[in-house]
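Asker: I'm passing along data20.cif; it holds mmCIF, C-alpha atoms and all ligand atoms.
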data_start
loop_
_atom_site.group_PDB
_atom_site.id
_atom_site.type_symbol
_atom_site.label_atom_id
_atom_site.label_comp_id
_atom_site.auth_asym_id
_atom_site.auth_seq_id
_atom_site.Cartn_x
_atom_site.Cartn_y
_atom_site.Cartn_z
ATOM 1 C CA MET A 1 -13.658 -105.965 -129.610
ATOM 2 C CA ASP A 2 -10.156 -104.659 -130.080
ATOM 3 C CA GLY A 3 -6.868 -104.825 -128.221
ATOM 4 C CA ASN A 4 -6.212 -108.515 -127.618
ATOM 5 C CA GLY A 5 -2.859 -108.315 -129.390
ATOM 6 C CA ARG A 6 -1.695 -105.213 -127.522
ATOM 7 C CA TRP A 7 -2.824 -106.722 -124.222
ATOM 8 C CA ALA A 8 -0.669 -109.801 -124.892
ATOM 9 C CA ARG A 9 2.299 -107.807 -126.149
ATOM 10 C CA ALA A 10 2.262 -105.580 -123.060
ATOM 11 C CA ARG A 11 2.569 -108.708 -120.909
ATOM 12 C CA GLY A 12 5.087 -110.526 -123.079
ATOM 13 C CA VAL A 13 2.716 -113.470 -123.513
ATOM 14 C CA PRO A 14 1.550 -115.158 -126.762
ATOM 15 C CA ILE A 15 -1.208 -113.411 -128.747
ATOM 16 C CA ALA A 16 -3.305 -116.557 -128.280
ATOM 17 C CA GLN A 17 -3.488 -115.773 -124.580
ATOM 18 C CA GLY A 18 -4.792 -112.301 -125.401
ATOM 19 C CA HIS A 19 -7.564 -113.904 -127.434
ATOM 20 C CA ARG A 20 -8.325 -116.381 -124.640
ATOM 21 C CA GLU A 21 -8.697 -113.523 -122.159
ATOM 22 C CA GLY A 22 -10.789 -111.768 -124.788
ATOM 23 C CA GLY A 23 -13.140 -114.750 -124.636
ATOM 24 C CA GLU A 24 -13.623 -114.169 -120.912
ATOM 25 C CA ALA A 25 -14.406 -110.516 -121.670
ATOM 26 C CA VAL A 26 -17.067 -111.656 -124.134
ATOM 27 C CA GLN A 27 -18.793 -113.516 -121.331
ATOM 28 C CA ARG A 28 -18.660 -110.450 -119.059
ATOM 29 C CA CYS A 29 -20.029 -108.314 -121.868
ATOM 30 C CA VAL A 30 -22.933 -110.660 -122.623
ATOM 31 C CA ARG A 31 -23.792 -110.796 -118.924
ATOM 32 C CA ALA A 32 -23.663 -106.998 -118.629
ATOM 33 C CA ALA A 33 -25.857 -106.588 -121.716
ATOM 34 C CA MET A 34 -28.510 -108.820 -120.162
ATOM 35 C CA GLU A 35 -28.314 -106.992 -116.837
ATOM 36 C CA HIS A 36 -28.773 -103.665 -118.615
ATOM 37 C CA GLY A 37 -31.810 -104.961 -120.484
ATOM 38 C CA VAL A 38 -30.220 -104.771 -123.927
ATOM 39 C CA ASP A 39 -32.250 -106.638 -126.561
ATOM 40 C CA TYR A 40 -29.622 -106.949 -129.298
ATOM 41 C CA LEU A 41 -25.863 -107.280 -128.913
ATOM 42 C CA THR A 42 -23.689 -107.711 -131.987
ATOM 43 C CA LEU A 43 -20.082 -108.745 -131.450
ATOM 44 C CA TYR A 44 -17.551 -108.147 -134.195
ATOM 45 C CA ALA A 45 -15.588 -111.344 -133.610
ATOM 46 C CA PHE A 46 -13.798 -111.729 -136.956
ATOM 47 C CA SER A 47 -13.738 -109.304 -139.847
ATOM 48 C CA SER A 48 -13.420 -110.176 -143.517
ATOM 49 C CA GLU A 49 -10.023 -108.424 -143.294
ATOM 50 C CA ASN A 50 -8.843 -110.622 -140.397
ATOM 51 C CA TRP A 51 -8.050 -113.364 -142.950
ATOM 52 C CA ARG A 52 -4.851 -111.380 -143.548
ATOM 53 C CA ARG A 53 -3.522 -112.631 -140.197
ATOM 54 C CA SER A 54 -1.212 -115.622 -139.879
ATOM 55 C CA GLY A 55 -2.604 -119.124 -140.268
ATOM 56 C CA GLU A 56 -1.609 -119.807 -136.689
ATOM 57 C CA GLU A 57 -3.561 -116.865 -135.274
ATOM 58 C CA ILE A 58 -6.593 -117.675 -137.418
ATOM 59 C CA SER A 59 -6.614 -121.255 -136.225
ATOM 60 C CA ASP A 60 -6.211 -120.109 -132.586
ATOM 61 C CA LEU A 61 -9.223 -117.822 -132.985
ATOM 62 C CA THR A 62 -11.302 -120.450 -134.759
ATOM 63 C CA GLY A 63 -10.437 -123.021 -132.098
ATOM 64 C CA LEU A 64 -11.460 -120.588 -129.387
ATOM 65 C CA MET A 65 -14.799 -119.875 -131.026
ATOM 66 C CA GLN A 66 -15.388 -123.598 -131.398
ATOM 67 C CA PHE A 67 -14.555 -124.120 -127.732
ATOM 68 C CA TYR A 68 -17.124 -121.541 -126.652
ATOM 69 C CA LEU A 69 -19.753 -122.891 -128.980
ATOM 70 C CA ARG A 70 -19.252 -126.405 -127.585
ATOM 71 C CA HIS A 71 -18.845 -125.590 -123.914
ATOM 72 C CA ARG A 72 -20.724 -122.385 -123.218
ATOM 73 C CA PHE A 73 -23.573 -122.654 -125.649
ATOM 74 C CA ARG A 74 -25.913 -124.595 -123.390
ATOM 75 C CA GLU A 75 -25.654 -121.979 -120.671
ATOM 76 C CA LEU A 76 -26.515 -119.227 -123.137
ATOM 77 C CA ASP A 77 -29.464 -121.202 -124.429
ATOM 78 C CA GLU A 78 -30.740 -121.733 -120.877
ATOM 79 C CA GLN A 79 -30.442 -118.008 -120.208
ATOM 80 C CA GLY A 80 -32.701 -117.295 -123.152
ATOM 81 C CA VAL A 81 -30.073 -116.079 -125.608
ATOM 82 C CA ARG A 82 -30.919 -116.290 -129.297
ATOM 83 C CA LEU A 83 -27.844 -116.694 -131.463
ATOM 84 C CA ARG A 84 -27.589 -115.087 -134.905
ATOM 85 C CA ILE A 85 -24.646 -115.246 -137.263
ATOM 86 C CA ILE A 86 -23.885 -112.531 -139.782
ATOM 87 C CA GLY A 87 -20.976 -112.446 -142.206
ATOM 88 C CA ASP A 88 -19.574 -115.329 -144.178
ATOM 89 C CA PRO A 89 -19.192 -118.210 -141.686
ATOM 90 C CA GLU A 90 -18.842 -120.703 -144.563
ATOM 91 C CA ARG A 91 -15.243 -119.541 -144.818
ATOM 92 C CA PHE A 92 -14.519 -121.272 -141.492
ATOM 93 C CA GLY A 93 -15.290 -124.638 -143.055
ATOM 94 C CA VAL A 94 -18.410 -126.755 -143.381
ATOM 95 C CA SER A 95 -18.262 -128.496 -140.029
ATOM 96 C CA PHE A 96 -17.909 -125.382 -137.831
ATOM 97 C CA CYS A 97 -20.450 -123.606 -139.998
ATOM 98 C CA ARG A 98 -22.920 -126.451 -139.533
ATOM 99 C CA GLU A 99 -22.462 -126.227 -135.758
ATOM 100 C CA LEU A 100 -23.159 -122.499 -135.895
ATOM 101 C CA ARG A 101 -26.303 -122.965 -137.981
ATOM 102 C CA ARG A 102 -27.503 -125.664 -135.598
ATOM 103 C CA ALA A 103 -27.002 -123.313 -132.642
ATOM 104 C CA GLU A 104 -28.960 -120.595 -134.439
ATOM 105 C CA GLU A 105 -31.763 -123.013 -135.159
ATOM 106 C CA LYS A 106 -31.871 -124.356 -131.610
ATOM 107 C CA THR A 107 -32.113 -120.884 -130.016
ATOM 108 C CA ARG A 108 -34.494 -119.455 -132.590
ATOM 109 C CA HIS A 109 -37.317 -118.957 -130.103
ATOM 110 C CA ASN A 110 -35.288 -117.503 -127.226
ATOM 111 C CA THR A 111 -36.267 -113.940 -126.377
ATOM 112 C CA ARG A 112 -34.076 -112.544 -123.604
ATOM 113 C CA LEU A 113 -31.176 -111.328 -125.756
ATOM 114 C CA THR A 114 -30.312 -111.669 -129.412
ATOM 115 C CA LEU A 115 -26.571 -112.219 -129.600
ATOM 116 C CA ALA A 116 -25.367 -111.648 -133.127
ATOM 117 C CA LEU A 117 -21.869 -112.801 -133.973
ATOM 118 C CA ALA A 118 -20.220 -111.121 -136.923
ATOM 119 C CA LEU A 119 -17.940 -113.810 -138.343
ATOM 120 C CA SER A 120 -15.854 -113.117 -141.406
ATOM 121 C CA TYR A 121 -18.069 -110.068 -141.626
ATOM 122 C CA GLY A 122 -17.511 -107.014 -143.775
ATOM 123 C CA SER A 123 -20.096 -104.301 -144.158
ATOM 124 C CA ARG A 124 -19.173 -103.347 -147.724
ATOM 125 C CA ALA A 125 -19.466 -106.970 -148.847
ATOM 126 C CA GLU A 126 -22.857 -107.139 -147.126
ATOM 127 C CA ILE A 127 -24.034 -103.970 -148.887
ATOM 128 C CA ALA A 128 -22.787 -105.272 -152.240
ATOM 129 C CA GLY A 129 -24.670 -108.510 -151.509
ATOM 130 C CA SER A 130 -27.901 -106.599 -150.977
ATOM 131 C CA ALA A 131 -27.414 -104.738 -154.275
ATOM 132 C CA ARG A 132 -26.712 -108.035 -156.056
ATOM 133 C CA GLN A 133 -29.814 -109.673 -154.636
ATOM 134 C CA LEU A 134 -32.064 -106.797 -155.698
ATOM 135 C CA ALA A 135 -30.427 -106.672 -159.143
ATOM 136 C CA GLU A 136 -31.231 -110.374 -159.602
ATOM 137 C CA ARG A 137 -34.859 -109.690 -158.793
ATOM 138 C CA VAL A 138 -34.952 -106.849 -161.328
ATOM 139 C CA ARG A 139 -33.424 -109.154 -163.933
ATOM 140 C CA ALA A 140 -35.994 -111.837 -163.109
ATOM 141 C CA GLY A 141 -38.698 -109.254 -163.687
ATOM 142 C CA THR A 142 -40.135 -109.421 -160.159
ATOM 143 C CA LEU A 143 -38.889 -105.984 -159.083
ATOM 144 C CA GLU A 144 -38.889 -102.558 -160.713
ATOM 145 C CA PRO A 145 -35.861 -100.309 -160.096
ATOM 146 C CA HIS A 146 -38.120 -97.477 -158.856
ATOM 147 C CA GLU A 147 -39.361 -99.796 -156.075
ATOM 148 C CA ILE A 148 -35.894 -99.916 -154.523
ATOM 149 C CA ASP A 149 -35.903 -97.676 -151.469
ATOM 150 C CA GLU A 150 -34.028 -97.665 -148.162
ATOM 151 C CA ALA A 151 -36.414 -100.093 -146.485
ATOM 152 C CA LEU A 152 -36.213 -102.613 -149.319
ATOM 153 C CA PHE A 153 -32.448 -102.294 -149.449
ATOM 154 C CA ALA A 154 -32.207 -102.886 -145.689
ATOM 155 C CA SER A 155 -34.470 -105.924 -145.996
ATOM 156 C CA ALA A 156 -31.874 -107.551 -148.256
ATOM 157 C CA LEU A 157 -29.053 -107.040 -145.738
ATOM 158 C CA GLN A 158 -28.017 -109.860 -143.404
ATOM 159 C CA THR A 159 -29.358 -107.831 -140.483
ATOM 160 C CA HIS A 160 -32.863 -107.674 -142.020
ATOM 161 C CA ASP A 161 -34.463 -109.034 -138.835
ATOM 162 C CA MET A 162 -32.549 -106.816 -136.402
ATOM 163 C CA PRO A 163 -33.012 -103.152 -135.520
ATOM 164 C CA ASP A 164 -30.264 -100.640 -136.312
ATOM 165 C CA PRO A 165 -27.792 -100.292 -133.443
ATOM 166 C CA ASP A 166 -28.369 -97.383 -131.044
ATOM 167 C CA LEU A 167 -24.860 -97.607 -129.683
ATOM 168 C CA VAL A 168 -21.621 -98.813 -131.242
ATOM 169 C CA MET A 169 -18.707 -99.202 -128.888
ATOM 170 C CA ARG A 170 -15.111 -99.997 -129.676
ATOM 171 C CA THR A 171 -12.313 -100.712 -127.235
ATOM 172 C CA SER A 172 -8.532 -100.133 -127.329
ATOM 173 C CA GLY A 173 -8.645 -96.422 -128.092
ATOM 174 C CA GLU A 174 -9.047 -96.700 -131.878
ATOM 175 C CA SER A 175 -11.669 -94.373 -133.371
ATOM 176 C CA ARG A 176 -12.693 -96.309 -136.455
ATOM 177 C CA LEU A 177 -15.631 -98.387 -137.629
ATOM 178 C CA SER A 178 -13.434 -100.771 -139.632
ATOM 179 C CA ASN A 179 -16.163 -102.001 -141.964
ATOM 180 C CA PHE A 180 -18.687 -102.758 -139.186
ATOM 181 C CA LEU A 181 -22.425 -102.225 -139.796
ATOM 182 C CA LEU A 182 -21.828 -99.129 -141.949
ATOM 183 C CA TRP A 183 -25.343 -98.894 -143.351
ATOM 184 C CA GLN A 184 -26.977 -99.793 -140.044
ATOM 185 C CA SER A 185 -24.927 -97.340 -137.949
ATOM 186 C CA ALA A 186 -26.025 -94.243 -139.858
ATOM 187 C CA TYR A 187 -27.487 -92.755 -136.664
ATOM 188 C CA ALA A 188 -25.754 -94.855 -134.026
ATOM 189 C CA GLU A 189 -24.021 -93.152 -131.134
ATOM 190 C CA LEU A 190 -20.319 -94.017 -131.219
ATOM 191 C CA VAL A 191 -18.428 -94.627 -127.997
ATOM 192 C CA PHE A 192 -14.699 -95.273 -128.031
ATOM 193 C CA LEU A 193 -13.176 -96.702 -124.874
ATOM 194 C CA ASP A 194 -9.470 -96.829 -124.050
ATOM 195 C CA VAL A 195 -9.676 -100.200 -122.274
ATOM 196 C CA LEU A 196 -8.104 -103.154 -124.100
ATOM 197 C CA TRP A 197 -10.696 -105.821 -124.841
ATOM 198 C CA PRO A 198 -9.295 -108.532 -122.474
ATOM 199 C CA ASP A 199 -9.663 -106.022 -119.606
ATOM 200 C CA PHE A 200 -13.230 -105.095 -120.559
ATOM 201 C CA GLY A 201 -15.700 -105.591 -117.750
ATOM 202 C CA GLU A 202 -19.061 -104.629 -116.339
ATOM 203 C CA LYS A 203 -17.877 -101.144 -115.352
ATOM 204 C CA ASP A 204 -16.758 -100.400 -118.921
ATOM 205 C CA PHE A 205 -20.113 -101.543 -120.225
ATOM 206 C CA ALA A 206 -21.830 -99.286 -117.697
ATOM 207 C CA GLU A 207 -19.545 -96.396 -118.681
ATOM 208 C CA ALA A 208 -20.470 -96.784 -122.369
ATOM 209 C CA MET A 209 -24.166 -96.897 -121.467
ATOM 210 C CA MET A 210 -23.766 -93.779 -119.323
ATOM 211 C CA ARG A 211 -22.119 -91.882 -122.169
ATOM 212 C CA TYR A 212 -24.882 -93.049 -124.489
ATOM 213 C CA MET A 213 -27.598 -91.807 -122.104
ATOM 214 C CA ARG A 214 -26.019 -88.357 -122.005
ATOM 215 C CA ARG A 215 -26.189 -87.965 -125.781
ATOM 216 C CA GLN A 216 -29.033 -86.095 -127.352
ATOM 217 C CA ARG A 217 -30.299 -87.948 -130.396
ATOM 218 C CA ARG A 218 -31.936 -85.729 -132.991
ATOM 219 C CA PHE A 219 -31.818 -87.853 -136.147
ATOM 220 C CA GLY A 220 -31.291 -84.681 -138.161
ATOM 221 C CA GLY A 221 -34.228 -82.805 -136.583
ATOM 222 C CA ARG A 222 -34.223 -79.875 -134.130
ATOM 223 C CA PRO A 223 -34.104 -80.430 -130.376
ATOM 224 C CA GLU A 224 -37.328 -79.594 -128.494
HETATM 225 C C1 LIG B 1 -9.080 -108.549 -131.090
HETATM 226 O O1 LIG B 1 -8.045 -107.657 -130.978
HETATM 227 C C2 LIG B 1 -9.833 -108.484 -132.378
HETATM 228 C C3 LIG B 1 -9.963 -109.798 -133.045
HETATM 229 C C4 LIG B 1 -9.736 -109.940 -134.332
HETATM 230 C C5 LIG B 1 -10.376 -110.976 -132.302
HETATM 231 P P1 LIG B 1 -6.783 -107.591 -131.943
HETATM 232 O O2 LIG B 1 -6.237 -108.945 -132.160
HETATM 233 O O3 LIG B 1 -7.141 -106.811 -133.161
HETATM 234 O O4 LIG B 1 -5.802 -106.741 -131.026
HETATM 235 P P2 LIG B 1 -4.714 -105.664 -131.444
HETATM 236 O O5 LIG B 1 -5.387 -104.644 -132.320
HETATM 237 O O6 LIG B 1 -3.610 -106.394 -132.153
HETATM 238 O O7 LIG B 1 -4.265 -105.084 -130.135
HETATM 239 MG MG MG B 2 -6.978 -104.776 -133.662
#
Could I get this file's structure written as structure tokens?
Answerer:
Amino acid sequence: MDGNGRWARARGVPIAQGHREGGEAVQRCVRAAMEHGVDYLTLYAFSSENWRRSGEEISDLTGLMQFYLRHRFRELDEQGVRLRIIGDPERFGVSFCRELRRAEEKTRHNTRLTLALALSYGSRAEIAGSARQLAERVRAGTLEPHEIDEALFASALQTHDMPDPDLVMRTSGESRLSNFLLWQSAYAELVFLDVLWPDFGEKDFAEAMMRYMRRQRRFGGRPE
């Protein structure tokens, strides 16, 4: 989700307003995902690099996330959305983190859509975490190095209970992954949209899906 800042700057309004409008776009995106029958939607809400932003912007973003969790959560739960958090939410403080964990717990059995929020998430840190976890098991004598394969490595990632993404989309015209699901996106189709995130709507979602459908996925093999 990229372009909140540019959206605000283009209108001469505070960045915080760009983020607020971005929150509305999140709701449109979640709705569109459900209408399109998507099973897993992961939103890159805050990267581990976003801590470099000003204290004011970070607290605006945190406040906004808290607002949605408190006021929109029930609706999501009723719609059958299962919430999952990846990243390092502890960095947002114990009380917000506890609220997030409670929301995960409460929606654990919902099946319509898994909505994963990447909060203070960085893919390299996640990959290093998987390596660390497996190394600890080797040290404890419960794992042999030769047993470490791709499946075992993936099972130690934070996304262990989610499938790899089929489609990764990014808004605002940037063509980068910016430390998002690097391991998991090995064979994902990448779609870059020019729309700024606060303007993102159902037609942009449909456009990304359309582009995805037109791709031929070979996973390294030969087409029929
Ligand atoms: C939103 O867009 C991404 C978040 C961190 C919430 P940006 O805030 O990165 O917008 P630009 O890149 O400055 O336009
Ligand atoms: Mg940006």
Asker: Assuming the chain letters and numbering stay as they are in my file, what does the PyMOL selection byres (((not hetatm)) within 7 of (chain B and resi 1)) actually select? List them as a PyMOL selection string.
Answerer: chain A and resi 1-7+19+45-47+50+61+197
Asker: For the structure shown, which residues end up in the PyMOL selection byres (((chain A and resi 127) around 12) and not hetatm)? Put them as a list in words, please?
Answerer: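 Taken over the shown coordinates, the PyMOL selection byres (((chain A and resi 127) around 12) and not hetatm) returns Gly87, Tyr121, Gly122, Ser123, Arg124, Ala125, Glu126, Ala128, Gly129, Ser130, Ala131, Arg132, Gln133, Leu134, Glu150, Phe153, Ala154, Ser155, Ala156, Leu157, Gln158, Thr159, His160, Asn179, Phe180, Leu181, Leu182, Trp183 and Gln184 of chain A.
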Asker: Expressed in Å to a single decimal, how great is the separation between atom CA of Tyr68 of chain A and atom CA of Leu177 of chain A?
Answerer: 25.7 Å
Asker: Might you spell out which residues the PyMOL selection byres (((chain A and resi 76) around 12) and not hetatm) would select in the displayed file, as a PyMOL selection string?
Answerer: chain A and resi 27+30-31+34+68-75+77-83+103-104+106-107+110-115
Asker: Any chance you could work out the axis-aligned box around segment 201-205 of chain A, listed atoms only, 6 Å on each side, giving centre and edge lengths in Å to one decimal, as AutoDock Vina command-line options?
Answerer:
--center_x -17.9 --center_y -103.0 --center_z -117.8 --size_x 16.4 --size_y 17.2 --size_z 16.9
Asker: Rounded to one decimal in Å, what is the spacing between atom CA of Met162 of chain A and atom CA of Ala25 of chain A?
Answerer: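 Result for atom CA of Met162 of chain A versus atom CA of Ala25 of chain A: 23.7 Å, one decimal.
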Asker: Give as a ChimeraX atom specification each residue that has an atom at most 10 Å from (-9.9, -113.6, -143.0) in the file, counting only C-alpha atoms.
Answerer: /A:46-55,58,88,91-92,119-121
Asker: Atom CA of Phe67 of chain A and atom CA of Gly18 of chain A, how far apart in Å?
Answerer: 15.5 Å
Asker: My list of candidates is A:Glu99, A:Glu105, A:Asp161, A:Glu174. Which is closest to ligand MG 2 (chain B) when distances are computed with only C-alpha atoms and all ligand atoms?
Answerer: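 Counting only C-alpha atoms and all ligand atoms, the residue closest to ligand MG 2 (chain B) is A:Glu174.
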Asker: Considering all atoms listed in the file, can you say which of A:Ala16, A:Val26, A:Ile85, A:Ala140 comes closest to Glu57 of chain A?
Answerer: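 Result for the nearest residue to Glu57 of chain A: A:Ala16.
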Asker: Go through A:Phe219, A:Tyr187, A:Tyr44, A:Tyr212 one by one, measure the shortest atom-to-atom distance of each to ligand MG 2 (chain B) using all atoms listed in the file, and give the residue with the smallest value.
Answerer: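 Result for the nearest residue to ligand MG 2 (chain B): A:Tyr44.
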Asker: I need the residue nearest ligand MG 2 (chain B) from this list: A:Ile15, A:Ala116, A:Ile148, A:Leu64. Use only C-alpha atoms and all ligand atoms for the distance.
Answerer: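 Checking each candidate against ligand MG 2 (chain B), we get A:Ile15 as the closest.
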Asker: So, counting all atoms listed in the file, which residue among A:Phe205, A:Ser59, A:Gly173, A:Gly220 is closest to ligand MG 2 (chain B)?
Answerer: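 Using all atoms listed in the file, ligand MG 2 (chain B) sits closest to A:Gly173.
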Asker: My structure is short of atoms at segment 210-220 of chain A; please model all heavy atoms there, returning them as a tab-separated table (two decimals), in the frame of the given file.
Answerer:
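Writing the result to out.tsv gives the following:
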chain	number	residue	atom	x	y	z
A	210	MET	N	-23.63	-95.10	-119.93
A	210	MET	CA	-23.77	-93.78	-119.32
A	210	MET	C	-23.50	-92.70	-120.37
A	210	MET	O	-24.24	-91.73	-120.48
A	210	MET	CB	-22.74	-93.67	-118.18
A	210	MET	CG	-22.91	-92.47	-117.31
A	210	MET	SD	-24.34	-92.70	-116.28
A	210	MET	CE	-23.57	-93.60	-114.94
A	211	ARG	N	-22.44	-92.88	-121.14
A	211	ARG	CA	-22.12	-91.88	-122.17
A	211	ARG	C	-23.23	-91.82	-123.21
A	211	ARG	O	-23.58	-90.75	-123.69
A	211	ARG	CB	-20.79	-92.23	-122.86
A	211	ARG	CG	-19.60	-91.89	-122.02
A	211	ARG	CD	-18.42	-91.68	-122.94
A	211	ARG	NE	-17.28	-92.43	-122.45
A	211	ARG	CZ	-16.19	-92.68	-123.17
A	211	ARG	NH1	-16.12	-92.27	-124.42
A	211	ARG	NH2	-15.21	-93.36	-122.65
A	212	TYR	N	-23.79	-92.99	-123.52
A	212	TYR	CA	-24.88	-93.05	-124.49
A	212	TYR	C	-26.10	-92.27	-123.98
A	212	TYR	O	-26.71	-91.49	-124.70
A	212	TYR	CB	-25.26	-94.51	-124.75
A	212	TYR	CG	-26.53	-94.67	-125.53
A	212	TYR	CD1	-26.54	-94.50	-126.91
A	212	TYR	CD2	-27.73	-94.95	-124.88
A	212	TYR	CE1	-27.70	-94.61	-127.63
A	212	TYR	CE2	-28.90	-95.06	-125.59
A	212	TYR	CZ	-28.89	-94.89	-126.97
A	212	TYR	OH	-30.05	-94.99	-127.67
A	213	MET	N	-26.42	-92.46	-122.70
A	213	MET	CA	-27.60	-91.81	-122.10
A	213	MET	C	-27.48	-90.28	-122.14
A	213	MET	O	-28.46	-89.59	-122.21
A	213	MET	CB	-27.78	-92.20	-120.63
A	213	MET	CG	-27.87	-93.68	-120.38
A	213	MET	SD	-29.41	-94.36	-121.00
A	213	MET	CE	-29.44	-95.86	-120.05
A	214	ARG	N	-26.22	-89.82	-122.04
A	214	ARG	CA	-26.02	-88.36	-122.00
A	214	ARG	C	-26.13	-87.71	-123.39
A	214	ARG	O	-26.21	-86.51	-123.51
A	214	ARG	CB	-24.64	-88.03	-121.40
A	214	ARG	CG	-24.60	-88.19	-119.89
A	214	ARG	CD	-23.45	-87.39	-119.30
A	214	ARG	NE	-22.17	-87.95	-119.68
A	214	ARG	CZ	-21.45	-88.76	-118.89
A	214	ARG	NH1	-21.88	-89.07	-117.67
A	214	ARG	NH2	-20.30	-89.24	-119.29
A	215	ARG	N	-26.12	-88.53	-124.43
A	215	ARG	CA	-26.19	-87.96	-125.78
A	215	ARG	C	-27.63	-87.54	-126.08
A	215	ARG	O	-28.58	-88.15	-125.63
A	215	ARG	CB	-25.76	-89.00	-126.83
A	215	ARG	CG	-24.38	-89.58	-126.60
A	215	ARG	CD	-23.31	-88.80	-127.30
A	215	ARG	NE	-21.99	-89.31	-126.94
A	215	ARG	CZ	-21.30	-90.21	-127.65
A	215	ARG	NH1	-21.82	-90.70	-128.76
A	215	ARG	NH2	-20.11	-90.62	-127.25
A	216	GLN	N	-27.72	-86.51	-126.93
A	216	GLN	CA	-29.03	-86.10	-127.35
A	216	GLN	C	-29.20	-86.54	-128.80
A	216	GLN	O	-28.43	-86.12	-129.67
A	216	GLN	CB	-29.12	-84.58	-127.26
A	216	GLN	CG	-30.52	-84.07	-127.33
A	216	GLN	CD	-30.55	-82.55	-127.38
A	216	GLN	OE1	-29.64	-81.93	-127.92
A	216	GLN	NE2	-31.57	-81.98	-126.81
A	217	ARG	N	-30.14	-87.41	-129.04
A	217	ARG	CA	-30.30	-87.95	-130.40
A	217	ARG	C	-31.37	-87.16	-131.13
A	217	ARG	O	-32.50	-87.06	-130.69
A	217	ARG	CB	-30.66	-89.43	-130.33
A	217	ARG	CG	-29.65	-90.20	-129.49
A	217	ARG	CD	-29.91	-91.68	-129.54
A	217	ARG	NE	-29.40	-92.27	-130.78
A	217	ARG	CZ	-29.76	-93.45	-131.21
A	217	ARG	NH1	-30.66	-94.15	-130.57
A	217	ARG	NH2	-29.23	-93.94	-132.32
A	218	ARG	N	-31.00	-86.59	-132.26
A	218	ARG	CA	-31.94	-85.73	-132.99
A	218	ARG	C	-32.32	-86.30	-134.35
A	218	ARG	O	-33.26	-85.87	-134.96
A	218	ARG	CB	-31.31	-84.35	-133.18
A	218	ARG	CG	-31.16	-83.59	-131.87
A	218	ARG	CD	-30.75	-82.16	-132.13
A	218	ARG	NE	-29.37	-82.06	-132.60
A	218	ARG	CZ	-28.31	-82.02	-131.78
A	218	ARG	NH1	-28.47	-82.07	-130.48
A	218	ARG	NH2	-27.09	-81.93	-132.27
A	219	PHE	N	-31.56	-87.25	-134.84
A	219	PHE	CA	-31.82	-87.85	-136.15
A	219	PHE	C	-32.01	-86.78	-137.23
A	219	PHE	O	-32.87	-86.89	-138.09
A	219	PHE	CB	-33.04	-88.79	-136.08
A	219	PHE	CG	-32.84	-89.91	-135.10
A	219	PHE	CD1	-33.35	-89.82	-133.79
A	219	PHE	CD2	-32.13	-91.05	-135.46
A	219	PHE	CE1	-33.15	-90.84	-132.89
A	219	PHE	CE2	-31.94	-92.09	-134.54
A	219	PHE	CZ	-32.45	-91.98	-133.26
A	220	GLY	N	-31.24	-85.73	-137.15
A	220	GLY	CA	-31.29	-84.68	-138.16
A	220	GLY	C	-32.34	-83.61	-137.89
A	220	GLY	O	-32.39	-82.60	-138.60
